[in-house]
$ cat entry.cif   # mmCIF, C-alpha atoms
data_query
#
loop_
_atom_site.group_PDB
_atom_site.id
_atom_site.type_symbol
_atom_site.label_atom_id
_atom_site.label_comp_id
_atom_site.auth_asym_id
_atom_site.auth_seq_id
_atom_site.Cartn_x
_atom_site.Cartn_y
_atom_site.Cartn_z
ATOM 1 C CA MET A 862 3.850 -61.753 20.230
ATOM 2 C CA LYS A 863 3.034 -63.546 16.982
ATOM 3 C CA PHE A 864 5.571 -65.549 15.027
ATOM 4 C CA ALA A 865 5.384 -66.671 11.400
ATOM 5 C CA VAL A 866 7.446 -69.571 10.094
ATOM 6 C CA LEU A 867 7.665 -69.361 6.305
ATOM 7 C CA VAL A 868 7.359 -72.575 4.339
ATOM 8 C CA PHE A 869 8.775 -72.932 0.834
ATOM 9 C CA PRO A 870 8.724 -76.092 -1.255
ATOM 10 C CA GLY A 871 11.819 -77.835 0.110
ATOM 11 C CA SER A 872 11.962 -76.143 3.527
ATOM 12 C CA ASN A 873 12.840 -78.784 6.113
ATOM 13 C CA CYS A 874 13.556 -76.879 9.329
ATOM 14 C CA ASP A 875 10.141 -75.253 9.485
ATOM 15 C CA ILE A 876 8.845 -77.724 12.064
ATOM 16 C CA ASP A 877 11.958 -77.225 14.207
ATOM 17 C CA CYS A 878 11.422 -73.458 14.129
ATOM 18 C CA TYR A 879 7.757 -73.827 14.990
ATOM 19 C CA LYS A 880 8.529 -76.168 17.888
ATOM 20 C CA ALA A 881 11.316 -73.911 19.147
ATOM 21 C CA VAL A 882 8.911 -70.968 19.432
ATOM 22 C CA GLU A 883 6.275 -73.193 20.979
ATOM 23 C CA SER A 884 8.549 -74.813 23.557
ATOM 24 C CA ALA A 885 10.959 -71.959 24.318
ATOM 25 C CA LEU A 886 8.391 -69.163 24.379
ATOM 26 C CA GLY A 887 4.878 -70.581 24.301
ATOM 27 C CA GLU A 888 3.889 -67.678 22.062
ATOM 28 C CA PRO A 889 1.503 -68.078 19.101
ATOM 29 C CA VAL A 890 3.141 -69.271 15.900
ATOM 30 C CA ASP A 891 1.829 -70.106 12.435
ATOM 31 C CA TYR A 892 3.217 -71.770 9.360
ATOM 32 C CA VAL A 893 2.906 -69.358 6.447
ATOM 33 C CA TRP A 894 3.045 -70.694 2.899
ATOM 34 C CA HIS A 895 5.343 -69.031 0.373
ATOM 35 C CA THR A 896 2.398 -67.755 -1.657
ATOM 36 C CA ALA A 897 1.055 -65.635 1.219
ATOM 37 C CA THR A 898 0.634 -61.944 0.514
ATOM 38 C CA ASP A 899 0.007 -60.608 3.997
ATOM 39 C CA LEU A 900 2.276 -60.811 7.031
ATOM 40 C CA SER A 901 0.823 -57.793 8.767
ATOM 41 C CA GLY A 902 -0.440 -59.875 11.703
ATOM 42 C CA TYR A 903 3.048 -61.071 12.674
ATOM 43 C CA ASP A 904 5.756 -59.503 14.817
ATOM 44 C CA CYS A 905 8.597 -61.842 13.906
ATOM 45 C CA ILE A 906 9.213 -63.729 10.668
ATOM 46 C CA LEU A 907 11.350 -66.870 10.762
ATOM 47 C CA VAL A 908 12.808 -67.966 7.431
ATOM 48 C CA PRO A 909 13.756 -71.586 8.053
ATOM 49 C CA GLY A 910 16.457 -73.843 6.698
ATOM 50 C CA GLY A 911 16.168 -76.521 4.072
ATOM 51 C CA PHE A 912 16.583 -76.726 0.342
ATOM 52 C CA SER A 913 13.972 -74.362 -1.042
ATOM 53 C CA TYR A 914 13.307 -75.178 -4.706
ATOM 54 C CA GLY A 915 15.938 -77.904 -4.489
ATOM 55 C CA ASP A 916 18.702 -75.281 -4.248
ATOM 56 C CA TYR A 917 18.340 -75.047 -8.041
ATOM 57 C CA LEU A 918 20.463 -72.387 -9.726
ATOM 58 C CA ARG A 919 21.772 -71.074 -6.381
ATOM 59 C CA CYS A 920 20.618 -71.589 -2.796
ATOM 60 C CA GLY A 921 17.735 -69.217 -2.167
ATOM 61 C CA ALA A 922 17.795 -67.718 -5.669
ATOM 62 C CA ILE A 923 14.303 -68.865 -6.615
ATOM 63 C CA ALA A 924 12.698 -68.613 -3.170
ATOM 64 C CA ARG A 925 13.560 -64.935 -2.983
ATOM 65 C CA PHE A 926 11.016 -64.290 -5.759
ATOM 66 C CA ALA A 927 8.178 -66.045 -3.919
ATOM 67 C CA PRO A 928 5.224 -63.709 -3.262
ATOM 68 C CA VAL A 929 5.757 -63.832 0.496
ATOM 69 C CA MET A 930 9.202 -62.283 0.131
ATOM 70 C CA ASN A 931 7.709 -58.902 -0.774
ATOM 71 C CA GLU A 932 5.938 -59.059 2.571
ATOM 72 C CA VAL A 933 9.159 -60.008 4.335
ATOM 73 C CA ALA A 934 10.820 -56.930 2.834
ATOM 74 C CA LYS A 935 7.886 -54.844 4.022
ATOM 75 C CA ALA A 936 8.100 -56.328 7.536
ATOM 76 C CA ALA A 937 11.831 -55.600 7.649
ATOM 77 C CA GLU A 938 11.156 -52.058 6.512
ATOM 78 C CA GLU A 939 8.618 -51.651 9.309
ATOM 79 C CA GLY A 940 11.233 -52.693 11.848
ATOM 80 C CA LYS A 941 9.758 -56.108 12.585
ATOM 81 C CA TYR A 942 12.149 -58.903 13.476
ATOM 82 C CA VAL A 943 13.255 -61.202 10.670
ATOM 83 C CA LEU A 944 15.487 -64.200 11.357
ATOM 84 C CA GLY A 945 16.839 -66.318 8.505
ATOM 85 C CA ILE A 946 18.508 -69.548 9.480
ATOM 86 C CA CYS A 947 20.701 -71.570 7.089
ATOM 87 C CA ASN A 948 18.725 -71.644 3.806
ATOM 88 C CA GLY A 949 16.783 -68.735 5.311
ATOM 89 C CA PHE A 950 20.044 -66.768 5.525
ATOM 90 C CA GLN A 951 20.782 -67.638 1.890
ATOM 91 C CA ILE A 952 17.310 -66.436 0.876
ATOM 92 C CA LEU A 953 17.732 -63.132 2.754
ATOM 93 C CA THR A 954 21.066 -62.430 1.045
ATOM 94 C CA GLU A 955 19.621 -63.288 -2.367
ATOM 95 C CA ALA A 956 16.731 -60.952 -1.596
ATOM 96 C CA GLY A 957 19.155 -58.161 -0.770
ATOM 97 C CA LEU A 958 17.857 -57.842 2.790
ATOM 98 C CA LEU A 959 21.338 -58.739 4.022
ATOM 99 C CA PRO A 960 24.665 -58.034 2.286
ATOM 100 C CA GLY A 961 27.010 -60.649 0.808
ATOM 101 C CA THR A 962 26.319 -64.214 -0.201
ATOM 102 C CA LEU A 963 26.995 -67.802 0.843
ATOM 103 C CA ARG A 964 29.422 -69.835 -1.257
ATOM 104 C CA ARG A 965 30.219 -73.524 -1.367
ATOM 105 C CA ASN A 966 32.120 -74.620 1.761
ATOM 106 C CA ASP A 967 35.863 -74.409 1.123
ATOM 107 C CA SER A 968 36.169 -78.095 2.077
ATOM 108 C CA LEU A 969 33.484 -78.943 -0.537
ATOM 109 C CA LYS A 970 31.931 -81.071 2.201
ATOM 110 C CA PHE A 971 28.492 -80.852 3.757
ATOM 111 C CA ARG A 972 29.350 -80.041 7.370
ATOM 112 C CA CYS A 973 26.916 -81.303 9.965
ATOM 113 C CA HIS A 974 28.105 -80.971 13.567
ATOM 114 C CA ASP A 975 28.125 -78.718 16.614
ATOM 115 C CA THR A 976 30.052 -75.481 16.389
ATOM 116 C CA VAL A 977 31.136 -73.045 19.056
ATOM 117 C CA LEU A 978 30.019 -69.496 18.303
ATOM 118 C CA ARG A 979 31.146 -66.301 19.943
ATOM 119 C CA VAL A 980 28.425 -63.712 20.558
ATOM 120 C CA GLU A 981 30.120 -60.660 19.053
ATOM 121 C CA ASN A 982 27.320 -58.196 19.615
ATOM 122 C CA ASN A 983 24.677 -58.501 22.297
ATOM 123 C CA ASP A 984 23.353 -54.978 21.811
ATOM 124 C CA ASN A 985 20.682 -56.368 19.561
ATOM 125 C CA PRO A 986 17.091 -57.674 19.788
ATOM 126 C CA PHE A 987 18.286 -61.193 18.925
ATOM 127 C CA THR A 988 21.129 -61.601 21.405
ATOM 128 C CA SER A 989 20.512 -59.262 24.327
ATOM 129 C CA LEU A 990 20.229 -62.095 26.858
ATOM 130 C CA TYR A 991 23.675 -63.456 26.015
ATOM 131 C CA ALA A 992 26.816 -61.954 27.463
ATOM 132 C CA GLU A 993 29.070 -60.222 24.972
ATOM 133 C CA GLY A 994 31.830 -62.648 24.017
ATOM 134 C CA GLU A 995 29.818 -65.581 25.392
ATOM 135 C CA GLU A 996 30.622 -68.880 23.714
ATOM 136 C CA ILE A 997 27.636 -70.970 22.769
ATOM 137 C CA THR A 998 27.252 -74.376 21.148
ATOM 138 C CA ILE A 999 24.944 -74.415 18.132
ATOM 139 C CA PRO A 1000 24.869 -77.030 15.359
ATOM 140 C CA ILE A 1001 25.489 -76.359 11.681
ATOM 141 C CA ALA A 1002 24.267 -78.432 8.727
ATOM 142 C CA HIS A 1003 25.186 -76.974 5.362
ATOM 143 C CA GLY A 1004 27.190 -77.401 2.185
ATOM 144 C CA GLU A 1005 27.070 -73.740 1.225
ATOM 145 C CA GLY A 1006 27.667 -71.626 4.285
ATOM 146 C CA ASN A 1007 30.906 -69.972 3.276
ATOM 147 C CA TYR A 1008 30.022 -66.321 3.800
ATOM 148 C CA TYR A 1009 31.488 -63.895 1.317
ATOM 149 C CA CYS A 1010 31.353 -60.145 0.834
ATOM 150 C CA ASP A 1011 33.810 -57.699 -0.696
ATOM 151 C CA GLU A 1012 36.275 -55.800 1.465
ATOM 152 C CA ASP A 1013 34.281 -52.573 1.602
ATOM 153 C CA THR A 1014 31.180 -54.424 2.760
ATOM 154 C CA LEU A 1015 33.229 -56.333 5.332
ATOM 155 C CA ARG A 1016 34.587 -53.078 6.707
ATOM 156 C CA GLN A 1017 31.055 -51.714 6.997
ATOM 157 C CA LEU A 1018 29.902 -54.867 8.786
ATOM 158 C CA GLN A 1019 32.769 -54.516 11.241
ATOM 159 C CA GLU A 1020 32.335 -50.786 11.802
ATOM 160 C CA ASN A 1021 28.561 -51.009 12.303
ATOM 161 C CA ARG A 1022 28.936 -54.064 14.531
ATOM 162 C CA GLN A 1023 26.747 -56.096 12.187
ATOM 163 C CA ILE A 1024 28.727 -59.278 12.769
ATOM 164 C CA ILE A 1025 26.632 -60.876 15.454
ATOM 165 C CA PHE A 1026 28.236 -64.357 15.662
ATOM 166 C CA ARG A 1027 31.675 -65.659 14.727
ATOM 167 C CA TYR A 1028 32.833 -69.270 14.644
ATOM 168 C CA SER A 1029 35.554 -70.018 17.153
ATOM 169 C CA SER A 1030 36.825 -72.588 14.652
ATOM 170 C CA ASN A 1031 35.865 -71.759 11.061
ATOM 171 C CA PRO A 1032 34.077 -74.779 9.520
ATOM 172 C CA ASN A 1033 33.475 -73.499 5.989
ATOM 173 C CA GLY A 1034 35.891 -70.758 4.930
ATOM 174 C CA SER A 1035 33.653 -67.772 5.773
ATOM 175 C CA VAL A 1036 35.404 -64.410 5.599
ATOM 176 C CA ASP A 1037 36.334 -63.107 9.038
ATOM 177 C CA ASP A 1038 34.892 -66.326 10.603
ATOM 178 C CA ILE A 1039 31.390 -64.901 10.124
ATOM 179 C CA ALA A 1040 28.558 -67.175 11.274
ATOM 180 C CA GLY A 1041 25.788 -64.575 11.423
ATOM 181 C CA ILE A 1042 25.156 -60.941 10.544
ATOM 182 C CA THR A 1043 22.491 -58.291 10.964
ATOM 183 C CA ASN A 1044 21.328 -55.561 8.626
ATOM 184 C CA GLU A 1045 22.381 -52.032 9.460
ATOM 185 C CA ARG A 1046 19.254 -51.352 11.472
ATOM 186 C CA GLY A 1047 19.672 -54.560 13.476
ATOM 187 C CA ASN A 1048 16.180 -56.023 12.951
ATOM 188 C CA VAL A 1049 17.117 -58.583 10.285
ATOM 189 C CA VAL A 1050 19.507 -61.414 11.154
ATOM 190 C CA GLY A 1051 20.894 -64.207 9.014
ATOM 191 C CA MET A 1052 22.958 -67.061 10.368
ATOM 192 C CA MET A 1053 24.095 -70.457 9.129
ATOM 193 C CA PRO A 1054 24.013 -72.267 12.525
ATOM 194 C CA HIS A 1055 20.667 -73.569 13.779
ATOM 195 C CA PRO A 1056 19.574 -72.076 17.127
ATOM 196 C CA GLU A 1057 16.180 -73.789 16.723
ATOM 197 C CA ARG A 1058 17.966 -77.134 16.982
ATOM 198 C CA ALA A 1059 19.503 -76.128 20.311
ATOM 199 C CA VAL A 1060 16.576 -75.270 22.569
ATOM 200 C CA ASP A 1061 16.561 -78.292 24.852
ATOM 201 C CA GLY A 1062 19.204 -80.357 26.650
ATOM 202 C CA LEU A 1063 17.789 -83.433 24.940
ATOM 203 C CA LEU A 1064 18.895 -81.975 21.606
ATOM 204 C CA GLY A 1065 22.472 -81.702 22.867
ATOM 205 C CA SER A 1066 22.415 -77.993 23.664
ATOM 206 C CA GLU A 1067 19.991 -75.367 24.822
ATOM 207 C CA ASP A 1068 22.274 -72.478 23.978
ATOM 208 C CA GLY A 1069 19.978 -71.386 21.154
ATOM 209 C CA LYS A 1070 17.046 -70.766 23.425
ATOM 210 C CA LYS A 1071 18.195 -67.304 24.452
ATOM 211 C CA MET A 1072 17.896 -66.113 20.860
ATOM 212 C CA PHE A 1073 14.182 -66.725 21.027
ATOM 213 C CA THR A 1074 13.786 -65.326 24.529
ATOM 214 C CA SER A 1075 15.837 -62.266 23.497
ATOM 215 C CA ILE A 1076 13.469 -61.581 20.605
ATOM 216 C CA LEU A 1077 10.448 -61.819 22.890
ATOM 217 C CA LYS A 1078 12.098 -59.553 25.450
ATOM 218 C CA ALA A 1079 12.927 -56.966 22.778
ATOM 219 C CA TRP A 1080 9.347 -57.008 21.547
ATOM 220 C CA ARG A 1081 7.932 -56.689 25.065
ATOM 221 C CA ASP A 1082 10.308 -53.880 25.980
ATOM 222 C CA ARG A 1083 9.296 -52.000 22.870
ATOM 223 C CA HIS A 1084 5.580 -52.497 23.376
ATOM 224 C CA GLU A 1085 5.574 -51.832 27.087
ATOM 225 C CA SER A 1086 7.466 -48.603 26.680
ATOM 226 C CA ALA A 1087 4.989 -47.611 23.964
ATOM 227 C CA GLY A 1088 2.138 -48.430 26.324
ATOM 228 C CA VAL A 1089 0.440 -50.889 23.969
ATOM 229 C CA ARG A 1090 0.496 -54.583 24.464
ATOM 230 C CA MET B 123 13.079 -67.241 -32.535
ATOM 231 C CA LEU B 124 16.435 -66.429 -31.052
ATOM 232 C CA LYS B 125 18.617 -68.709 -29.025
ATOM 233 C CA ALA B 126 20.507 -67.380 -26.031
ATOM 234 C CA ARG B 127 23.480 -69.079 -24.425
ATOM 235 C CA VAL B 128 24.326 -67.781 -20.949
ATOM 236 C CA TYR B 129 27.582 -68.508 -19.115
ATOM 237 C CA VAL B 130 27.891 -67.783 -15.408
ATOM 238 C CA THR B 131 31.259 -68.074 -13.675
ATOM 239 C CA ILE B 132 32.615 -67.186 -10.257
ATOM 240 C CA LYS B 133 34.462 -63.850 -10.282
ATOM 241 C CA GLN B 134 38.240 -63.998 -10.620
ATOM 242 C CA SER B 135 38.602 -62.291 -7.233
ATOM 243 C CA VAL B 136 36.553 -64.978 -5.467
ATOM 244 C CA LEU B 137 37.871 -68.421 -4.583
ATOM 245 C CA ASP B 138 36.209 -71.228 -6.540
ATOM 246 C CA PRO B 139 36.722 -74.284 -4.309
ATOM 247 C CA GLN B 140 35.323 -76.682 -6.912
ATOM 248 C CA GLY B 141 37.639 -75.287 -9.577
ATOM 249 C CA VAL B 142 40.621 -75.668 -7.253
ATOM 250 C CA ALA B 143 39.675 -79.294 -6.485
ATOM 251 C CA VAL B 144 39.212 -80.202 -10.153
ATOM 252 C CA GLN B 145 42.449 -78.498 -11.122
ATOM 253 C CA GLY B 146 44.218 -80.466 -8.380
ATOM 254 C CA ALA B 147 42.766 -83.691 -9.769
ATOM 255 C CA LEU B 148 43.966 -82.826 -13.286
ATOM 256 C CA HIS B 149 47.433 -82.064 -11.940
ATOM 257 C CA SER B 150 47.603 -85.380 -10.133
ATOM 258 C CA MET B 151 46.586 -87.097 -13.390
ATOM 259 C CA GLY B 152 49.565 -85.519 -15.127
ATOM 260 C CA PHE B 153 47.846 -82.567 -16.812
ATOM 261 C CA ARG B 154 50.378 -80.208 -15.291
ATOM 262 C CA GLU B 155 49.757 -77.435 -17.819
ATOM 263 C CA VAL B 156 46.315 -76.616 -16.338
ATOM 264 C CA GLU B 157 46.012 -73.253 -14.633
ATOM 265 C CA GLY B 158 43.158 -71.031 -13.480
ATOM 266 C CA LEU B 159 40.392 -73.627 -13.801
ATOM 267 C CA ARG B 160 36.979 -72.167 -12.977
ATOM 268 C CA ILE B 161 33.699 -74.041 -12.817
ATOM 269 C CA GLY B 162 30.613 -72.251 -14.021
ATOM 270 C CA LYS B 163 27.099 -72.767 -15.293
ATOM 271 C CA TYR B 164 25.860 -72.932 -18.829
ATOM 272 C CA MET B 165 22.243 -72.177 -19.674
ATOM 273 C CA GLU B 166 20.533 -72.059 -23.036
ATOM 274 C CA MET B 167 17.074 -70.856 -23.899
ATOM 275 C CA GLN B 168 14.828 -70.064 -26.823
ATOM 276 C CA LEU B 169 13.430 -66.564 -26.983
ATOM 277 C CA ASP B 170 10.164 -65.934 -28.727
ATOM 278 C CA THR B 171 11.317 -62.769 -30.462
ATOM 279 C CA ASP B 172 13.353 -61.740 -33.492
ATOM 280 C CA ASP B 173 14.342 -58.400 -32.074
ATOM 281 C CA ARG B 174 17.992 -58.833 -31.154
ATOM 282 C CA PHE B 175 18.234 -55.432 -29.546
ATOM 283 C CA GLU B 176 15.322 -56.102 -27.252
ATOM 284 C CA ALA B 177 16.482 -59.684 -26.579
ATOM 285 C CA GLU B 178 19.866 -58.416 -25.496
ATOM 286 C CA ALA B 179 18.322 -56.075 -22.922
ATOM 287 C CA ARG B 180 15.943 -58.772 -21.692
ATOM 288 C CA VAL B 181 18.628 -61.451 -21.268
ATOM 289 C CA LYS B 182 20.839 -58.943 -19.474
ATOM 290 C CA ALA B 183 17.964 -58.235 -17.076
ATOM 291 C CA MET B 184 17.458 -61.975 -16.514
ATOM 292 C CA CYS B 185 21.137 -62.353 -15.664
ATOM 293 C CA GLU B 186 21.147 -59.412 -13.285
ATOM 294 C CA LYS B 187 17.933 -60.406 -11.544
ATOM 295 C CA LEU B 188 18.136 -64.167 -11.345
ATOM 296 C CA LEU B 189 20.633 -66.122 -13.419
ATOM 297 C CA ALA B 190 23.766 -64.700 -11.788
ATOM 298 C CA ASN B 191 24.469 -63.419 -8.300
ATOM 299 C CA THR B 192 26.642 -60.474 -9.177
ATOM 300 C CA VAL B 193 28.122 -60.362 -5.680
ATOM 301 C CA VAL B 194 30.277 -63.350 -6.613
ATOM 302 C CA GLU B 195 29.503 -64.230 -10.220
ATOM 303 C CA ASP B 196 30.189 -62.808 -13.676
ATOM 304 C CA TYR B 197 28.018 -63.585 -16.660
ATOM 305 C CA ARG B 198 28.202 -63.311 -20.417
ATOM 306 C CA PHE B 199 25.835 -64.429 -23.122
ATOM 307 C CA GLU B 200 25.508 -64.952 -26.852
ATOM 308 C CA LEU B 201 22.464 -64.631 -29.064
ATOM 309 C CA GLU B 202 22.017 -66.716 -32.171
ATOM 310 C CA GLY B 203 19.455 -67.043 -34.907
#

$ encode --input "entry.cif" --output "structure tokens"
Amino acid sequence: MKFAVLVFPGSNCDIDCYKAVESALGEPVDYVWHTATDLSGYDCILVPGGFSYGDYLRCGAIARFAPVMNEVAKAAEEGKYVLGICNGFQILTEAGLLPGTLRRNDSLKFRCHDTVLRVENNDNPFTSLYAEGEEITIPIAHGEGNYYCDEDTLRQLQENRQIIFRYSSNPNGSVDDIAGITNERGNVVGMMPHPERAVDGLLGSEDGKKMFTSILKAWRDRHESAGVR
Amino acid sequence: MLKARVYVTIKQSVLDPQGVAVQGALHSMGFREVEGLRIGKYMEMQLDTDDRFEAEARVKAMCEKLLANTVVEDYRFELEG
């Protein structure tokens, strides 16, 4: 399975994502520059955290117009796995690949610490190896992670089980304690917490590792059942 | 040449934590009359056109596509010149 880690000017979690794939899965992974116009060789696209384009105007607002984002939309359309973490989540909402948006934290503070997340839906390529309701420790590091969507959208998210992670103690004011969501189809995920920073005990937690192993398992299950590998 | 002035503010229905904090500061300084303070963005730009009608449509498109996130923000603009 081939992973792409997108790199925008100002990305700063790209190396963490790359290393997480390398150490947790040992699968091939490439850095892909924001000007790339072909992602057809990849099975999973990681949109990493950071401060793309200095967070100018709004977080993710400029990155979403980078040439590579057309390819990300195409990959999502094809049912490939797309995971946006932190700034990556902000970029995916700006791009319209996920609903809602991320506002300034209600505390106005940059929050940088471990959080406990509840796995709300494990019937998903990204979380299948967790137990439903499992509590996992994953760090956050953001000033603008306060998820917002209107009430109709929130109802849809709830009804379609698109809320994949909730905070057990809300650090930023997100509606409905939302830490991560999926698109309707379930192949695009955005989350503010950083699973790639929690793949080894040395980092303080390895609870994020199962996200990566879940993705690989989902891909293998799909390809084995299709008879191509 | 036309000049456009664009104002982007957080929707009334959405909490503006910065606005709340600044309003609180004004209150504690004795400016008790302040209510409903919202923080927004102001952008100005020169447009290389004299066609106001066209400029209006173009600036609106800029706002919808990039300058404002209409999930949480409202925008308005003025053209001059």

$ closest_residue --input "entry.cif" --among "A:Ala927, A:Gly949, A:Asn1033, A:Leu907" --to "A:Ser968" --atoms "all atoms listed in the file"
A:Asn1033

$ closest_residue --input "entry.cif" --among "A:Pro1000, A:Ser1030, A:Leu918, A:Arg1022" --to "A:Glu1057" --atoms "all atoms listed in the file"
A:Pro1000

$ residues_near_point --input "entry.cif" --point "(14.3, -61.9, -31.9)" --cutoff "9 Å" --atoms "only C-alpha atoms" --output "MDAnalysis selection string"
chainID B and resid 123:125 169:177 203

$ interface_residues --input "entry.cif" --of "chain B" --to "chain A" --cutoff "9 Å" --atoms "only C-alpha atoms" --output "list in words"
Val136, Leu137, Asp138, Pro139, Gln140, Ala143, Lys163, Leu188, Leu189, Ala190, Asn191, Val193 and Val194 of chain B

$ write_last_selection --input "entry.cif" --atoms "C-alpha atoms" --output "short mmCIF file (atom, residue, chain, number, x, y, z; two decimals), in the coordinates of the input"
data_model
loop_
_atom_site.label_atom_id
_atom_site.label_comp_id
_atom_site.auth_asym_id
_atom_site.auth_seq_id
_atom_site.Cartn_x
_atom_site.Cartn_y
_atom_site.Cartn_z
CA VAL B 136 36.55 -64.98 -5.47
CA LEU B 137 37.87 -68.42 -4.58
CA ASP B 138 36.21 -71.23 -6.54
CA PRO B 139 36.72 -74.28 -4.31
CA GLN B 140 35.32 -76.68 -6.91
CA ALA B 143 39.67 -79.29 -6.48
CA LYS B 163 27.10 -72.77 -15.29
CA LEU B 188 18.14 -64.17 -11.34
CA LEU B 189 20.63 -66.12 -13.42
CA ALA B 190 23.77 -64.70 -11.79
CA ASN B 191 24.47 -63.42 -8.30
CA VAL B 193 28.12 -60.36 -5.68
CA VAL B 194 30.28 -63.35 -6.61
#

$ closest_residue --input "entry.cif" --among "B:Ser135, B:Gly141, B:Glu200, B:Ser150" --to "B:Gln168" --atoms "all atoms listed in the file"
B:Glu200

$ build_atoms --input "entry.cif" --residues "stretch 130-136 of chain B" --atoms "all heavy atoms" --output "mmCIF file, in the frame of the given file"
data_model
loop_
_atom_site.group_PDB
_atom_site.id
_atom_site.type_symbol
_atom_site.label_atom_id
_atom_site.label_comp_id
_atom_site.auth_asym_id
_atom_site.auth_seq_id
_atom_site.Cartn_x
_atom_site.Cartn_y
_atom_site.Cartn_z
ATOM 1 N N VAL B 130 27.715 -68.425 -16.714
ATOM 2 C CA VAL B 130 27.891 -67.783 -15.408
ATOM 3 C C VAL B 130 29.118 -68.394 -14.739
ATOM 4 O O VAL B 130 29.218 -69.623 -14.617
ATOM 5 C CB VAL B 130 26.644 -67.987 -14.511
ATOM 6 C CG1 VAL B 130 26.858 -67.374 -13.133
ATOM 7 C CG2 VAL B 130 25.412 -67.372 -15.172
ATOM 8 N N THR B 131 30.050 -67.560 -14.336
ATOM 9 C CA THR B 131 31.259 -68.074 -13.675
ATOM 10 C C THR B 131 31.514 -67.269 -12.403
ATOM 11 O O THR B 131 31.067 -66.130 -12.272
ATOM 12 C CB THR B 131 32.507 -67.931 -14.576
ATOM 13 O OG1 THR B 131 32.536 -66.598 -15.074
ATOM 14 C CG2 THR B 131 32.467 -68.918 -15.719
ATOM 15 N N ILE B 132 32.263 -67.884 -11.492
ATOM 16 C CA ILE B 132 32.615 -67.186 -10.257
ATOM 17 C C ILE B 132 33.673 -66.132 -10.587
ATOM 18 O O ILE B 132 34.580 -66.378 -11.386
ATOM 19 C CB ILE B 132 33.111 -68.198 -9.200
ATOM 20 C CG1 ILE B 132 31.922 -69.093 -8.814
ATOM 21 C CG2 ILE B 132 33.671 -67.492 -7.976
ATOM 22 C CD1 ILE B 132 32.196 -70.072 -7.725
ATOM 23 N N LYS B 133 33.534 -64.951 -10.022
ATOM 24 C CA LYS B 133 34.462 -63.850 -10.282
ATOM 25 C C LYS B 133 35.908 -64.272 -10.018
ATOM 26 O O LYS B 133 36.170 -65.025 -9.078
ATOM 27 C CB LYS B 133 34.138 -62.675 -9.347
ATOM 28 C CG LYS B 133 32.990 -61.844 -9.814
ATOM 29 C CD LYS B 133 32.871 -60.609 -8.928
ATOM 30 C CE LYS B 133 31.650 -59.947 -9.239
ATOM 31 N NZ LYS B 133 30.976 -58.999 -9.378
ATOM 32 N N GLN B 134 36.810 -63.684 -10.784
ATOM 33 C CA GLN B 134 38.240 -63.998 -10.620
ATOM 34 C C GLN B 134 38.711 -63.706 -9.190
ATOM 35 O O GLN B 134 39.567 -64.401 -8.666
ATOM 36 C CB GLN B 134 39.078 -63.173 -11.606
ATOM 37 C CG GLN B 134 38.987 -63.676 -13.047
ATOM 38 C CD GLN B 134 39.455 -65.120 -13.216
ATOM 39 O OE1 GLN B 134 40.290 -65.610 -12.462
ATOM 40 N NE2 GLN B 134 38.902 -65.810 -14.196
ATOM 41 N N SER B 135 38.128 -62.692 -8.562
ATOM 42 C CA SER B 135 38.602 -62.291 -7.233
ATOM 43 C C SER B 135 38.070 -63.196 -6.122
ATOM 44 O O SER B 135 38.445 -63.055 -4.969
ATOM 45 C CB SER B 135 38.164 -60.851 -6.960
ATOM 46 O OG SER B 135 36.753 -60.756 -7.087
ATOM 47 N N VAL B 136 37.188 -64.131 -6.486
ATOM 48 C CA VAL B 136 36.553 -64.978 -5.467
ATOM 49 C C VAL B 136 37.040 -66.417 -5.641
ATOM 50 O O VAL B 136 37.089 -66.929 -6.758
ATOM 51 C CB VAL B 136 35.016 -64.927 -5.619
ATOM 52 C CG1 VAL B 136 34.338 -65.857 -4.625
ATOM 53 C CG2 VAL B 136 34.511 -63.508 -5.426
#
